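> Below is a structure I'd like to ask you about.
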Amino acid sequence: MNRRTAARLGRYLLTFALVVVAVAAVYPLLFTVVSSLKTQAGFAEDPLGLPAGITLDNYLEAFRRMDMPRLLLNSLITTVGGLVLSVLAALLVAYAVTKLRFRGGKLVFLLIIVTLTIPSQAIIYPLYQTVLDLGMSGEYQGLILAYAAFGLPLGTYQLAGYFQQVPDELIEAARVDGAGHFTILFRLLAPIATPALAALAIFNFVWMWNDLLLPLVIMGGSDSKTLMVGVSLLSGQYDVSVPLVSAGLIVALLPVLVIYLVFQRQLVSGALAGSGK
Amino acid sequence: MTISTTPVPEPVVADRPPEPVRRPARHARLREWWLGAALVLPALALAVAFKLVPLGRGVATSLESSSGFDGTSFAGADNYVRMFDDPVVRSSFRNALLVVATLPVWVVLPLVLAVLIHQQAPGWKFFRAVYFIPYTVAPIVVGIMFRQILAPDGPINALLRRVGLEPLAIEWLNGRYSALFSLVAVALWSFFGLGVMTYLAGLATIPGETLEAAYLDGAGFWRRLFHVVVPMLRPTVAYWSVLCASGVLIWLFPLIYALTQGGPGDATMLPEYLVFLTTFQFLDRGYGSAIGIALFVFVAVLSIFSVRHMFTEGTRKPR
Amino acid sequence: MNRRRLAGLFAAGVAAAALLTGCGGDDNTTDGPVTLKVLTWEPGGAEYWKQVKTSFEAGHPDIKLELQSVPFDKYPEVQGPYITSQSGPDVMANNAGLELFDRRSAYVPLGARAAEINKDLVTYSGACEGFDTSKPCYGVPFSYQGNVLYYNKAVLTAAGLDPERPPTTWEEFGAACDAVKKSGKTCLALGLSGVFPAYWDFPEIARSYLTEDDIRGLLAGTLSWKDPKLVSVLGKLAEISTKGWTNKNAPSITMLPDGADIFQRGDAAFAGTIISDAVNWEAFGKALGDDKLGVTRWPAVNPGAPLAQKFSGIEGAVYGVTQWSEKKEAGLTFISWLAGKENGELWVKHAKGQPLNKNVDKALLPSSPAFQKIQELVAQPTLHAGVMLSGPEADALARGWQQVALGQLTVDKWADQMQQALERSPTKKQSK
């Protein structure tokens with residue numbers, strides 16, 4: 001066997017391995033889609049196979065049971081709000097810590113990234129009490145601010161790492177040209193950090209959209225509950241209708257997939273924090 | 001230690017009065033400090049209000065005996081002492097250590113896949129897109145899906161039996177260790193795409209020639225990986241390790257919830273789930289908080305290196 | 001392009017943030033109708049609760065209902081903080097029994113009103129302290145709940161058993177299981193993950209060993225788990241799994257939905273579940289056919305024991321008015337209405353559950369043979385031993401059973417763990 005055939009064989013093996021992983025990655029999702037097209041009885045009879053007949057009833061039922069437009073709106077407001085706020089706050093901190101002569105900046109930076117290690121389950125009671133003290137229980141701003149706070153440490157870290165790579169001379173040059181701090185931050189640094197911003201956006205969007213704990217505790221079951229809470233309500237008191245829940249989940253998943261497709265290019269085209277040398 | 005910003009060179013030309021840079025340096029410094037303070041204020045307020053204050057209140061609760069909903073009383077360190085004799089607490093932290101021991105897999109597996117994709121295997125764009133999909137699936141769905149998939153007669157075992165690996169077709173969620181590692185595997189399924197994406201982004205910053213030279217020099221794949229790619233990707237590897245180290249226990253929570261509820265027995269009991277059980281099902285908030293604080297310390301110790309790394313990464317100057 | 005997209009995102013975010021201040025506090029109290037916030041996990045399903053809202057509001061134009069629906073398994077996480085902070089909804093629900101009593105500090109005792117509510121109900125004591133209607137009562141139930149053993153007649157027939165005479169004793173049950181196993185099916189569909197074993201299986205064996213006084217002792221925490229009676233109960237529970245009467249994956253699945261699914265798809269002869277809400281005669285009848293579905297009491301280990309031929313019955317969800325509510329009168333009006341005939345009929349019609357109100361129109365009751373049989377069974381109620389268990393006890397029962405089934409624990413050690421769980425139970429602590 002000469003070197004070239006070996007290389008070609010290696011290539012095939014490589015492709016095969018990647019295909020196996022790809023199948024493993026999408027199979028569960030296909031499984032969910034297939035489940036969502038089954039009737040409850042059909043699913044109970046044969047949970048694994050392909051459905052004998054396709055039914056869209058689960059989707060209709062999911063839409064009937066949930067106030068979909070309102071839930072979507074709630075999820076969008078809170079997720080986008082939390083996302084933007086956390087990125088914005090992270091941008092400001094990253095700038096102050098890396099590009100300003102700011103005594104105490106390191107301490108602030110440390111304080112913020114340390115919050116990454118606080119387990120959310122352990123602080124649920126006091127978190128609710130704090131939200132209540134702030135008068136924000138059941139309100140959009142309560143959830144948005146909480147999302148922002150939980151998304152903050154990673155964002156701050158990523159952006160600070162990114163800004164750190166930008167030579168100070170560049171900033172100075174801009175300053176000499178008469179650029180103010182905000183111009184520098186939003187016109188100069190932010191564009192350079194676009195890949196990091198895109199990565200942050202998708203990361204935060206996904207977890208905020210999918211999160212159950214914070215919206216449940218902060219919003220209760222009120223009208224401002226998020227889509228994911230609505231979907232998990234589809235499983236009634238004890239009953240879990242897998243096809244129905246699957247249908248709701250596919251609906252809840254679509255916006256995330258759309259966002260992902262929108263940001264996919266930026267995600268890959270650039271680099272993440274600190275990835276430069 | 002002061003902030004290592006390169007000092008702004010004072011302009012030499014001094015005969016144009018309206019220049020702002022003419023102001024006394026002390027004044028400018030002060031102004032810049034106030035600006036910095038204003039800029040960090042929103043983030044600081046968020047972190048304090050939604051993380052640090054609740055944590056402080058949690059610590060206070062952990063020093064109380066607050067069983068049930070009728071009143072609380074100061075208990076000193078009682079709750080913490082109690083933890084040492086509690087076999088469930090012990091096994092939950094032992095399980096947490098086992099989970100942490102899988103971290104190398106979390107770091108290496110996505111890296112290998114990313115490098116394979118980066119070598120531009122046929123259809124690499126497709127793989128890149130597909131691998132990320134699991135991450136977008138909500139944890140509650142992941143739980144529901146894998147309950148079916150890991151069932152004794154589910155697809156995984158059906159496949160194993162078909163390819164003649166009958167003895168491997170075990171009851172995944174029944175065993176003392178297989179249950180825990182099945183959960184970890186499901187979590188890994190959920191997050192590996194994020195890792196691949198992260199590494200790909202890192203790889204994109206490395207000049208193509210450097211990598212190509214490494215790929216072509218005929219060294220074995222693993223040698224190349226650890227001697228060429230990893231050193232160049234160090235910051236990305238570090239970032240992803242931080243994310244995994246601080247996240248893995250949290251990521252497992254919804255899966256435990258949906259798949260095993262900590263069982264059988266306490267085989268898959270993890271501290272985060274125990275905090276939930278103790279606080280909300282057993283109504284023992286004081287003790288639940290104490291376990292929560294212990295978990296905080298555990299994760300903090302675990303990520304002390306990563307946090308240190310993040311800290312230096314975020315504050316050091318490029319050379 | 002990228003930059004513009006991101007800038008757009010920022011603009012949207014800033015706009016959203018600006019809007020927030022506007023759309024925050026819109027619940028200005030005016031002179032219009034009172035709005036009651038009701039925290040519920042929607043027992044009986046979303047459709048039933050829609051009907052409740054419509055019907056109640058139609059009869060009470062001065063009160064509006066705002067349902068705050070939370071998934072059942074997330075309910076404690078939402079309700080707990082409300083209770084500790086003494087804030088939140090005007091009306092909340094808890095399951096009758098210890099779950100409700102543990103949270104009584106959240107509810108307004110009903111006082112004289114209780115007698116009036118009780119008047120038309122089949123049973124009411126589960127909403128009152130110590131299962132005693134002469135003590136303070138904290139809310140209003142409207143559904144009846146309890147355990148029965150469902151069976152699949154076709155599976156029994158195929159195993160050579162008489163589908164009209166299901167086993168009534170432990171020995172008969174063992175023999176039936178052997179026959180069913182031989183025919184290639186699972187005998188008892190079971191899932192041991194989570195708290196369902198504590199509520200659905202434990203009380204049924206306990207009836208063969210305990211008296212009503214013992215069950216009250218269980219509630220008070222005075223009956224030790226080392227007591228021979230309770231150790232025997234655990235021993236019989238262990239037998240169910242060690243004798244191979246159940247599906248093999250029982251230790252790792254939950255009864256709901258996975259355990260129930262085994263029965264629902266016709267792979268098991270028996271399933272021990274409940275009479276109202278989900279996994280009841282209605283769901284099983286739909287899946288298997290009403291004529292194929294049988295229902296009976298769990299087999300008795302000691303048929304002569306005082307409670308062996310009784311029904312472990314318990315009121316379903318109990319709705320009470322919260323201590324912190326500023327609309328207590330409206331709240332009382334609503335929960336009193338819940339106990340009434342109108343809601344009882346909604347419950348039968350839309351939730352297919354067993355009503356508590358005696359005056360519900362008999363013509364509305366379902367014609368399913370299983371449902372008719374249940375009417376016979378519920379006629380001899382006794383205390384439900386499951387709802388006397390605290391959170392730690394229910395958890396330890398399920399976990400211990402898992403380990404016993406997997407051969408990792410002995411029954412005696414299990415009893416030890418149960419006793420430790422009892423001693424950990426906040427509201428069962430014995431003053432020494």
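Going by the structure tokens order, chains are called A, B, ..., each with residues numbered from 1, while ligands are numbered from 1 in the order shown.
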Neighbours of region 99-106 of chain B within 9 Å (only C-alpha atoms; same-chain residues fewer than 2 positions away dropped), as a ChimeraX atom specification?
/B:94-97,108-111,180-181,184,188,191-192,195,240-241,244-245,248-249,302
> Could you list, as JSON, numbers by chain, every residue of chain B that has an atom within 7 Å of an atom of chain A, counting only C-alpha atoms?
{"B": [3, 5, 32, 33, 36, 39, 40, 42, 43, 46, 47, 50, 51, 54, 55, 57, 58, 121, 122, 127, 130, 131, 134, 136, 137, 138, 141, 145, 197, 198, 200, 201, 202, 204, 205, 233, 235, 236, 246, 272, 275, 276, 289, 292, 296, 299, 300, 307, 310, 311, 313, 314, 315, 317, 318]}
> Using DSSP assignments from the backbone, pull out every residue in region 126-257 of chain C that falls under alpha helix (DSSP H) and give it to me as a ChimeraX atom specification.
/C:153-158,170-182,196-200,202-206,212-220,228-242
> Which residues of chain C come within 8 Å of chain B, and for each one, what is the closest pair of atoms and their distance in Å to one decimal, counting only C-alpha atoms, sorted by chain and residue number, as CSV?

```
residue,atom,partner,partner_atom,distance
C:Pro76,CA,B:Phe280,CA,5.7
C:Glu77,CA,B:Phe280,CA,6.1
C:Gly80,CA,B:Phe280,CA,6.8
C:Ile83,CA,B:Phe69,CA,7.4
C:Thr84,CA,B:Phe69,CA,6.6
C:Asp102,CA,B:Gly68,CA,6.6
C:Arg103,CA,B:Phe69,CA,6.5
C:Ser105,CA,B:Phe69,CA,6.8
C:Ser193,CA,B:Thr260,CA,6.7
C:Gly194,CA,B:Gln261,CA,6.5
C:Asn249,CA,B:Pro152,CA,7.0
C:Pro251,CA,B:Pro264,CA,6.2
C:Ser252,CA,B:Asn174,CA,5.3
C:Ile253,CA,B:Thr260,CA,7.3
C:Ser390,CA,B:Phe282,CA,7.4
C:Gly391,CA,B:Phe282,CA,4.7
C:Pro392,CA,B:Phe282,CA,5.4
C:Arg399,CA,B:Gly265,CA,4.5
C:Gly400,CA,B:Gly265,CA,6.2
C:Gln402,CA,B:Pro264,CA,5.5
C:Gln403,CA,B:Gly265,CA,5.4
C:Leu406,CA,B:Asn174,CA,8.0
C:Ser425,CA,B:Phe282,CA,6.9
C:Pro426,CA,B:Ser67,CA,5.0
C:Thr427,CA,B:Gly68,CA,6.3
```
> Looking at A:Arg175, A:Arg64, A:Leu170, A:Leu185, which one is nearest to chain C, with distances taken over only C-alpha atoms?
A:Arg64
> For the structure I just gave you, how does DSSP split region 168-350 of chain C - specifically, which residues are strand (DSSP E)? Reply as an NGL selection string.
:C and (186-189 or 268-274 or 293-296 or 311-315 or 317-321)
> Can you pull out every residue within 12 Å of Lys341 (chain C), counting only C-alpha atoms, but drop anything in the same chain fewer than 2 positions away, and send it as a tab-separated table (two decimals) with N, CA and C atoms, in the first residue's frame?

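Okay, result-v3.tsv is ready:
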```tsv
chain	number	residue	atom	x	y	z
C	117	ILE	N	-68.68	24.59	53.31
C	117	ILE	CA	-68.05	23.98	52.15
C	117	ILE	C	-68.15	22.46	52.24
C	119	LYS	N	-70.35	20.66	53.57
C	119	LYS	CA	-71.73	20.15	53.54
C	119	LYS	C	-72.00	19.19	52.38
C	120	ASP	N	-71.58	19.55	51.18
C	120	ASP	CA	-71.94	18.75	50.01
C	120	ASP	C	-70.80	17.88	49.50
C	121	LEU	N	-69.71	17.80	50.26
C	121	LEU	CA	-68.56	17.04	49.77
C	121	LEU	C	-68.55	15.62	50.33
C	142	PHE	N	-61.90	19.76	45.29
C	142	PHE	CA	-63.11	19.47	44.51
C	142	PHE	C	-63.00	18.14	43.77
C	143	SER	N	-61.81	17.50	43.85
C	143	SER	CA	-61.67	16.23	43.14
C	143	SER	C	-61.33	15.14	44.14
C	336	SER	N	-64.91	28.78	47.38
C	336	SER	CA	-66.19	28.17	47.74
C	336	SER	C	-66.91	27.67	46.49
C	337	TRP	N	-66.81	28.46	45.44
C	337	TRP	CA	-67.44	28.06	44.16
C	337	TRP	C	-66.82	26.76	43.65
C	338	LEU	N	-65.50	26.61	43.88
C	338	LEU	CA	-64.82	25.40	43.41
C	338	LEU	C	-65.45	24.14	43.99
C	339	ALA	N	-65.92	24.25	45.25
C	339	ALA	CA	-66.47	23.07	45.91
C	339	ALA	C	-67.88	22.76	45.42
C	343	ASN	N	-68.90	23.48	39.46
C	343	ASN	CA	-67.52	23.10	39.16
C	343	ASN	C	-67.36	21.58	39.19
C	344	GLY	N	-68.08	20.91	40.08
C	344	GLY	CA	-68.03	19.45	40.12
C	344	GLY	C	-68.40	18.87	38.76
C	345	GLU	N	-69.40	19.48	38.13
C	345	GLU	CA	-69.83	18.97	36.82
C	345	GLU	C	-68.82	19.29	35.73
C	346	LEU	N	-68.20	20.47	35.85
C	346	LEU	CA	-67.12	20.80	34.90
C	346	LEU	C	-65.99	19.78	35.03
C	347	TRP	N	-65.70	19.43	36.28
C	347	TRP	CA	-64.60	18.49	36.56
C	347	TRP	C	-64.88	17.13	35.92
C	348	VAL	N	-66.11	16.68	36.04
C	348	VAL	CA	-66.48	15.40	35.43
C	348	VAL	C	-66.41	15.49	33.91
C	355	PRO	N	-65.60	13.43	40.97
C	355	PRO	CA	-65.95	14.66	41.68
C	355	PRO	C	-66.14	14.41	43.17
C	356	LEU	N	-65.97	15.47	43.97
C	356	LEU	CA	-66.19	15.36	45.41
C	356	LEU	C	-67.60	15.78	45.79
C	357	ASN	N	-68.20	16.63	44.94
C	357	ASN	CA	-69.53	17.14	45.28
C	357	ASN	C	-70.59	16.06	45.05
C	358	LYS	N	-71.42	15.86	46.09
C	358	LYS	CA	-72.40	14.77	46.02
C	358	LYS	C	-73.54	15.05	45.06
C	359	ASN	N	-73.75	16.35	44.75
C	359	ASN	CA	-74.94	16.69	43.96
C	359	ASN	C	-74.71	16.71	42.46
C	360	VAL	N	-73.53	16.29	42.05
C	360	VAL	CA	-73.25	16.29	40.61
C	360	VAL	C	-74.26	15.39	39.90
C	361	ASP	N	-74.81	15.90	38.81
C	361	ASP	CA	-75.82	15.20	38.02
C	361	ASP	C	-75.31	13.81	37.60
C	362	LYS	N	-75.98	12.77	38.10
C	362	LYS	CA	-75.53	11.40	37.83
C	362	LYS	C	-75.51	11.09	36.33
C	364	LEU	N	-74.38	12.79	34.10
C	364	LEU	CA	-73.14	13.23	33.47
C	364	LEU	C	-72.02	12.22	33.64
```
> If you measure from CA of Tyr273 (chain B) to CA of Thr72 (chain B), what distance in Å do you get, rounded to one decimal?
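Going from CA of Tyr273 (chain B) over to CA of Thr72 (chain B), I get 23.5 Å.
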> Pick out the closest residue to chain C from this set: A:Leu189, A:Leu9, A:Leu50, A:Ile218. Count only C-alpha atoms.
A:Ile218
